[in-house]
Each structure stands twice: as C-alpha cells, then as structure tokens.
Amino acid sequence: MSVPFKVDLKGKTAVVTGGGGILCSCMAETLAACGAKVAILDLKLEAAQKVADKINADGGTAIGLSANVLEKESLIAAHEQVKAQLGPCDILINGAGGNHPKGTTSKEFLEKADAQGPTEGKVSFFDLDPAGISFVFNLNFIGTLLPTQVFSRDMALAGKGIIINISSMNAFRPLTKIPAYSGAKAAISNFTQWLATHLSKVGIRVNAIAPGFFLTNQNRTLLTNPDGSLTARGNTILTHTPMGRFGTPDDLSGTLLWLVDDGASGFVNGTVIPVDGGFAAFSGV
C-alpha cells in the first residue's frame, strides 16, 4: 500500500476496531505499511480476515478477529488472542460505529402536521424509537469506551500508548435527520478530551479524527443513486464542501500517521482533528 509518508512503527502492535469497514481497513493497511503488527477486529470475522489476508499478502503482519464492541467478554477474548499472537497493544484505533434508521427522522424539518400523530411510513421527531436511539448511541460511545477499557490496560502498564477515536463532523455541526448519531459523535469528542486528561499521567495520548463526508457502505445509498449520480442530500453536502468532493479513505492516512508518531505529535493530546475538505469552515454563503 502507498502511504503519504513513513513513520517507524516496527515492534508496535495496533488494534483497529471496525477494521473490516472501508475507512478502518485503510487505516489498518496504513499502519501495517509502516511496520506495525495489526489486529483487525470486526463483528464479521470474514470482513476482518479479508483485510488481514491483504496485509499479509503485501508483506505485513496482521490477524483478523471477530469481536463485538458492545460486549466486554468478547473484547477480553479478542485481547487475549492479540496479546498471544502479536503482543501487548501499543496503538488502539476505535473505529467501530455507525448510524441506524431507528435513530433517524424522515424529514429534515418538523411541520405542524407531524404533531398531529404518526403517519405510516414516516418517522417524525415524536416517533423516534428510544431503543433505536440507545442502539446508535451505545454502538458509538459504549463501543469506544469498552475497547479502551480492555486494550489500554497494556498501555498503562507499559507507561506509553496511543489511542485514536473516530469522531465526525456531526460532532461540530449536527446534520439534519440523525440526532442519535450526531449526539453520539459529540460524546466521542468530549470523551476524547476527558480520556486524554485522565490517562495523561500514565503516558497515554488520546486524540480523535473527525472525518467529513466519505462514501462508505453505510451511507452510499443515501448520497448516491444507483447510476452514480448524487442524491439531493449528497448534492447538498458537496455544495457545502468547499473542495467539492467526498473524501477517499487514504485522505485520512496522513493525519493518522501524524497522530500515532510520538516524534511528530508527542505533545498533541486531547484534540479532535477535522478531515473534511473545508466543510466546517464554510458558512454556506
């Protein structure tokens, strides 16, 4: 894999949750290209193993493991395998997360008629399912907290380590229709700052990357039509992104490598770095 620049991660063990996805698989490959031994954790073993196989075929060292970031016992079992096969965790990328339709409204703005009662096939603010909201929040926030509890213990005992959380531009400017996801990512940004402070005395740095709009398996049908043209929502997003395009997975590589290299970012702690094509800088006019 081609990386924008090389940092020396030889002898380091990295764990990437959600590593079977488009963005986090690229992160795993980037770390491996710089010499790290990488454990790819994903709810779907097949997806994790596919990424590990690619890394190994390219001359790196990786293993794929099934793990549920919402179940601590599952993570403990994965940790035991990582430690036995690759060694203690030095770098943790908390990439697992996502949205769910049950935490999403059908329309961007509430209308008076929506207050009169439910409409079949539509979800207003009043119809949001608390269970759906909880699922989205837990997947993102608890799905970051639990892996950190399990894998940062190695770092605390070693007196050094790096944690990278994945926030979102939704944490800065919540998007319409997705209150649960926006709120969860805001919690990730806040948790990043709290954790950076809490773990600072044991030599662990904690930062977050906040991607802008990247096409993934989760959002592709929301942003593009089957013929590849933009949906109305996709067009609105690009209109508000000064660089005029969606991000590609390797757009995150440089920021990732900077944050995991103590020589480059050793005094950077508790930050949330936007990688968004200027979305956060643009007021819309």
# chains A, B, ... in the order shown; residues from 1 in each chain; ligands from 1
>>> residues_around(residues="Leu195 in chain A", least_positions_apart="4", cutoff="8 Å", atoms="only C-alpha atoms", output="tab-separated table (two decimals) with N, CA and C atoms, in the first residue's frame")
chain	number	residue	atom	x	y	z
A	191	PHE	N	-15.46	12.71	25.16
A	191	PHE	CA	-14.79	11.60	25.82
A	191	PHE	C	-13.30	11.58	25.48
A	199	LEU	N	-5.77	9.83	31.33
A	199	LEU	CA	-4.69	8.88	31.08
A	199	LEU	C	-3.32	9.54	30.92
A	206	VAL	N	-4.34	10.56	23.80
A	206	VAL	CA	-5.64	10.25	23.20
A	206	VAL	C	-6.08	11.42	22.33
A	270	GLY	N	-5.63	15.19	23.36
A	270	GLY	CA	-6.98	15.69	23.61
A	270	GLY	C	-7.57	16.50	22.48
>>> residues_around(residues="range 80-96 of chain A", least_positions_apart="5", cutoff="8 Å", atoms="only C-alpha atoms", output="count of residues only")
32
>>> select_by_dssp(residues="range 53-129 of chain A", states="helix (DSSP H, G or I)", output="number ranges by chain")
A: 53-57, 72-85, 101-103, 112-116, 125-127
>>> residues_around(residues="Ala280 in chain A", least_positions_apart="6", cutoff="9 Å", atoms="only C-alpha atoms", output="NGL selection string")
:A and (169 or 172-173 or 212 or 240-241 or 274)
>>> write_last_selection(atoms="all heavy atoms", output="mmCIF file, in the first residue's frame")
data_model
loop_
_atom_site.group_PDB
_atom_site.id
_atom_site.type_symbol
_atom_site.label_atom_id
_atom_site.label_comp_id
_atom_site.auth_asym_id
_atom_site.auth_seq_id
_atom_site.Cartn_x
_atom_site.Cartn_y
_atom_site.Cartn_z
ATOM 1 N N MET A 169 -17.739 15.042 11.691
ATOM 2 C CA MET A 169 -18.137 16.440 11.564
ATOM 3 C C MET A 169 -19.510 16.670 12.174
ATOM 4 O O MET A 169 -19.867 17.796 12.503
ATOM 5 C CB MET A 169 -18.125 16.866 10.095
ATOM 6 C CG MET A 169 -16.725 16.955 9.509
ATOM 7 S SD MET A 169 -15.536 17.773 10.614
ATOM 8 C CE MET A 169 -16.278 19.374 10.829
ATOM 9 N N PHE A 172 -19.418 18.550 15.402
ATOM 10 C CA PHE A 172 -19.270 20.009 15.360
ATOM 11 C C PHE A 172 -20.551 20.680 14.865
ATOM 12 O O PHE A 172 -20.974 21.707 15.398
ATOM 13 C CB PHE A 172 -18.132 20.400 14.408
ATOM 14 C CG PHE A 172 -16.772 19.952 14.855
ATOM 15 C CD1 PHE A 172 -16.238 18.764 14.400
ATOM 16 C CD2 PHE A 172 -16.015 20.726 15.721
ATOM 17 C CE1 PHE A 172 -14.970 18.348 14.794
ATOM 18 C CE2 PHE A 172 -14.758 20.324 16.130
ATOM 19 C CZ PHE A 172 -14.234 19.127 15.664
ATOM 20 N N ARG A 173 -21.138 20.094 13.805
ATOM 21 C CA ARG A 173 -22.328 20.668 13.181
ATOM 22 C C ARG A 173 -23.307 19.531 12.914
ATOM 23 O O ARG A 173 -23.186 18.841 11.910
ATOM 24 C CB ARG A 173 -21.948 21.370 11.875
ATOM 25 C CG ARG A 173 -20.940 22.491 12.058
ATOM 26 C CD ARG A 173 -20.530 23.095 10.732
ATOM 27 N NE ARG A 173 -21.667 23.721 10.079
ATOM 28 C CZ ARG A 173 -21.617 24.251 8.847
ATOM 29 N NH1 ARG A 173 -20.502 24.180 8.156
ATOM 30 N NH2 ARG A 173 -22.673 24.816 8.315
ATOM 31 N N GLY A 212 -14.978 14.165 7.497
ATOM 32 C CA GLY A 212 -16.123 14.805 6.867
ATOM 33 C C GLY A 212 -16.935 13.754 6.145
ATOM 34 O O GLY A 212 -17.257 12.710 6.717
ATOM 35 N N HIS A 240 -21.813 22.217 0.148
ATOM 36 C CA HIS A 240 -21.294 22.828 1.370
ATOM 37 C C HIS A 240 -19.883 22.345 1.723
ATOM 38 O O HIS A 240 -19.405 22.608 2.822
ATOM 39 C CB HIS A 240 -22.244 22.547 2.534
ATOM 40 C CG HIS A 240 -23.512 23.350 2.464
ATOM 41 N ND1 HIS A 240 -24.548 23.011 1.621
ATOM 42 C CD2 HIS A 240 -23.910 24.475 3.112
ATOM 43 C CE1 HIS A 240 -25.531 23.902 1.754
ATOM 44 N NE2 HIS A 240 -25.167 24.788 2.647
ATOM 45 N N THR A 241 -19.264 21.640 0.809
ATOM 46 C CA THR A 241 -17.877 21.213 0.991
ATOM 47 C C THR A 241 -17.014 21.975 -0.008
ATOM 48 O O THR A 241 -17.058 21.686 -1.209
ATOM 49 C CB THR A 241 -17.731 19.692 0.756
ATOM 50 O OG1 THR A 241 -18.578 18.996 1.675
ATOM 51 C CG2 THR A 241 -16.287 19.247 0.973
ATOM 52 N N PRO A 274 -10.360 17.727 12.335
ATOM 53 C CA PRO A 274 -11.265 17.574 11.199
ATOM 54 C C PRO A 274 -10.490 17.225 9.929
ATOM 55 O O PRO A 274 -9.436 17.797 9.660
ATOM 56 C CB PRO A 274 -11.916 18.955 11.054
ATOM 57 C CG PRO A 274 -11.583 19.695 12.315
ATOM 58 C CD PRO A 274 -10.285 19.124 12.787
#
>>> select_by_dssp(residues="range 72-210 of chain A", states="strand (DSSP E or B)", output="NGL selection string")
:A and (91-94 or 161-166 or 204-210)
>>> atom_distance(atom1="CA of Thr30 in chain A", atom2="CA of Gly254 in chain A")
9.2 Å
>>> closest_residue(among="A:Asp261, A:Val285, A:Val272, A:Gly60", to="Thr239 in chain A", atoms="only C-alpha atoms")
A:Val285
>>> residues_around(residues="range 25-27 of chain A", least_positions_apart="4", cutoff="10 Å", atoms="only C-alpha atoms", output="number ranges by chain")
A: 1, 16-21, 31-33, 40-41, 47-48, 50-52, 54-55, 93, 95, 248-254, 256-257
>>> closest_residue(among="A:Ala186, A:Val3, A:Ala208, A:Ile142", to="Asn68 in chain A", atoms="only C-alpha atoms")
A:Ile142
>>> residues_around(residues="range 218-222 of chain A", least_positions_apart="6", cutoff="12 Å", atoms="only C-alpha atoms", output="list in words")
Gly21, Ile22, Leu23, Gly97, Gly98, Asn99, His100, Pro101, Lys177, Gly228, Ser229, Leu230, Thr231, Ala232, Arg233, Gly234, Asn235, Thr236, Ile237 and Phe246 of chain A
>>> write_last_selection(atoms="N, CA and C atoms", output="short mmCIF file (atom, residue, chain, number, x, y, z; two decimals), in the first residue's frame")
data_model
loop_
_atom_site.label_atom_id
_atom_site.label_comp_id
_atom_site.auth_asym_id
_atom_site.auth_seq_id
_atom_site.Cartn_x
_atom_site.Cartn_y
_atom_site.Cartn_z
N GLY A 21 -14.36 -2.38 7.80
CA GLY A 21 -15.03 -1.35 7.01
C GLY A 21 -14.09 -0.63 6.06
N ILE A 22 -14.65 0.19 5.22
CA ILE A 22 -13.88 0.87 4.18
C ILE A 22 -12.82 1.79 4.77
N LEU A 23 -13.19 2.64 5.71
CA LEU A 23 -12.23 3.61 6.25
C LEU A 23 -11.22 2.93 7.17
N GLY A 97 -18.53 1.84 14.77
CA GLY A 97 -19.58 2.82 14.99
C GLY A 97 -20.54 2.83 13.82
N GLY A 98 -21.46 3.78 13.82
CA GLY A 98 -22.38 3.88 12.70
C GLY A 98 -23.74 4.39 13.13
N ASN A 99 -24.62 4.51 12.15
CA ASN A 99 -25.97 5.01 12.37
C ASN A 99 -26.97 3.88 12.15
N HIS A 100 -28.25 4.14 12.43
CA HIS A 100 -29.30 3.15 12.23
C HIS A 100 -30.60 3.89 11.90
N PRO A 101 -31.41 3.36 11.00
CA PRO A 101 -32.66 4.05 10.63
C PRO A 101 -33.57 4.35 11.81
N LYS A 177 -31.81 15.12 10.49
CA LYS A 177 -32.37 13.77 10.41
C LYS A 177 -31.66 12.73 11.28
N GLY A 228 -24.77 6.32 -9.95
CA GLY A 228 -23.60 7.06 -9.51
C GLY A 228 -23.82 8.55 -9.35
N SER A 229 -24.96 9.05 -9.80
CA SER A 229 -25.26 10.48 -9.63
C SER A 229 -25.60 10.76 -8.17
N LEU A 230 -25.55 12.02 -7.80
CA LEU A 230 -25.80 12.41 -6.42
C LEU A 230 -27.29 12.44 -6.09
N THR A 231 -27.64 12.00 -4.90
CA THR A 231 -28.99 12.23 -4.39
C THR A 231 -29.09 13.71 -3.98
N ALA A 232 -30.28 14.13 -3.61
CA ALA A 232 -30.44 15.52 -3.18
C ALA A 232 -29.58 15.81 -1.95
N ARG A 233 -29.52 14.84 -1.02
CA ARG A 233 -28.71 15.03 0.18
C ARG A 233 -27.22 15.04 -0.16
N GLY A 234 -26.81 14.15 -1.06
CA GLY A 234 -25.42 14.15 -1.48
C GLY A 234 -25.02 15.44 -2.15
N ASN A 235 -25.92 15.99 -2.97
CA ASN A 235 -25.63 17.25 -3.64
C ASN A 235 -25.51 18.40 -2.65
N THR A 236 -26.39 18.41 -1.63
CA THR A 236 -26.33 19.45 -0.61
C THR A 236 -25.00 19.40 0.14
N ILE A 237 -24.55 18.18 0.44
CA ILE A 237 -23.28 18.02 1.16
C ILE A 237 -22.12 18.56 0.34
N PHE A 246 -16.23 14.13 -2.19
CA PHE A 246 -16.20 13.31 -0.99
C PHE A 246 -14.76 12.91 -0.70
#
>>> closest_residue(among="A:Thr105, A:Glu71, A:Ala264, A:Ser200", to="Ile133 in chain A", atoms="only C-alpha atoms")
A:Thr105
>>> closest_residue(among="A:Leu238, A:Met243, A:Ala158, A:Ala171", to="Val202 in chain A", atoms="only C-alpha atoms")
A:Ala158
>>> residues_around(residues="Asn170 in chain A", least_positions_apart="6", cutoff="10 Å", atoms="only C-alpha atoms", output="PyMOL selection string")
chain A and resi 176+178-179+181-186+210-213+280
>>> write_last_selection(atoms="C-alpha atoms", output="mmCIF file, in the first residue's frame")
data_model
loop_
_atom_site.group_PDB
_atom_site.id
_atom_site.type_symbol
_atom_site.label_atom_id
_atom_site.label_comp_id
_atom_site.auth_asym_id
_atom_site.auth_seq_id
_atom_site.Cartn_x
_atom_site.Cartn_y
_atom_site.Cartn_z
ATOM 1 C CA THR A 176 -30.472 17.055 9.978
ATOM 2 C CA ILE A 178 -29.727 11.946 12.514
ATOM 3 C CA PRO A 179 -29.920 13.194 16.118
ATOM 4 C CA TYR A 181 -25.567 9.696 15.563
ATOM 5 C CA SER A 182 -24.738 13.384 15.908
ATOM 6 C CA GLY A 183 -25.162 13.253 19.675
ATOM 7 C CA ALA A 184 -23.076 10.091 19.946
ATOM 8 C CA LYS A 185 -20.205 11.570 17.958
ATOM 9 C CA ALA A 186 -20.321 14.730 20.076
ATOM 10 C CA ALA A 210 -13.320 13.752 12.673
ATOM 11 C CA PRO A 211 -13.906 12.699 9.072
ATOM 12 C CA GLY A 212 -16.123 14.805 6.867
ATOM 13 C CA PHE A 213 -18.079 13.054 4.153
ATOM 14 C CA ALA A 280 -16.592 23.087 8.901
#
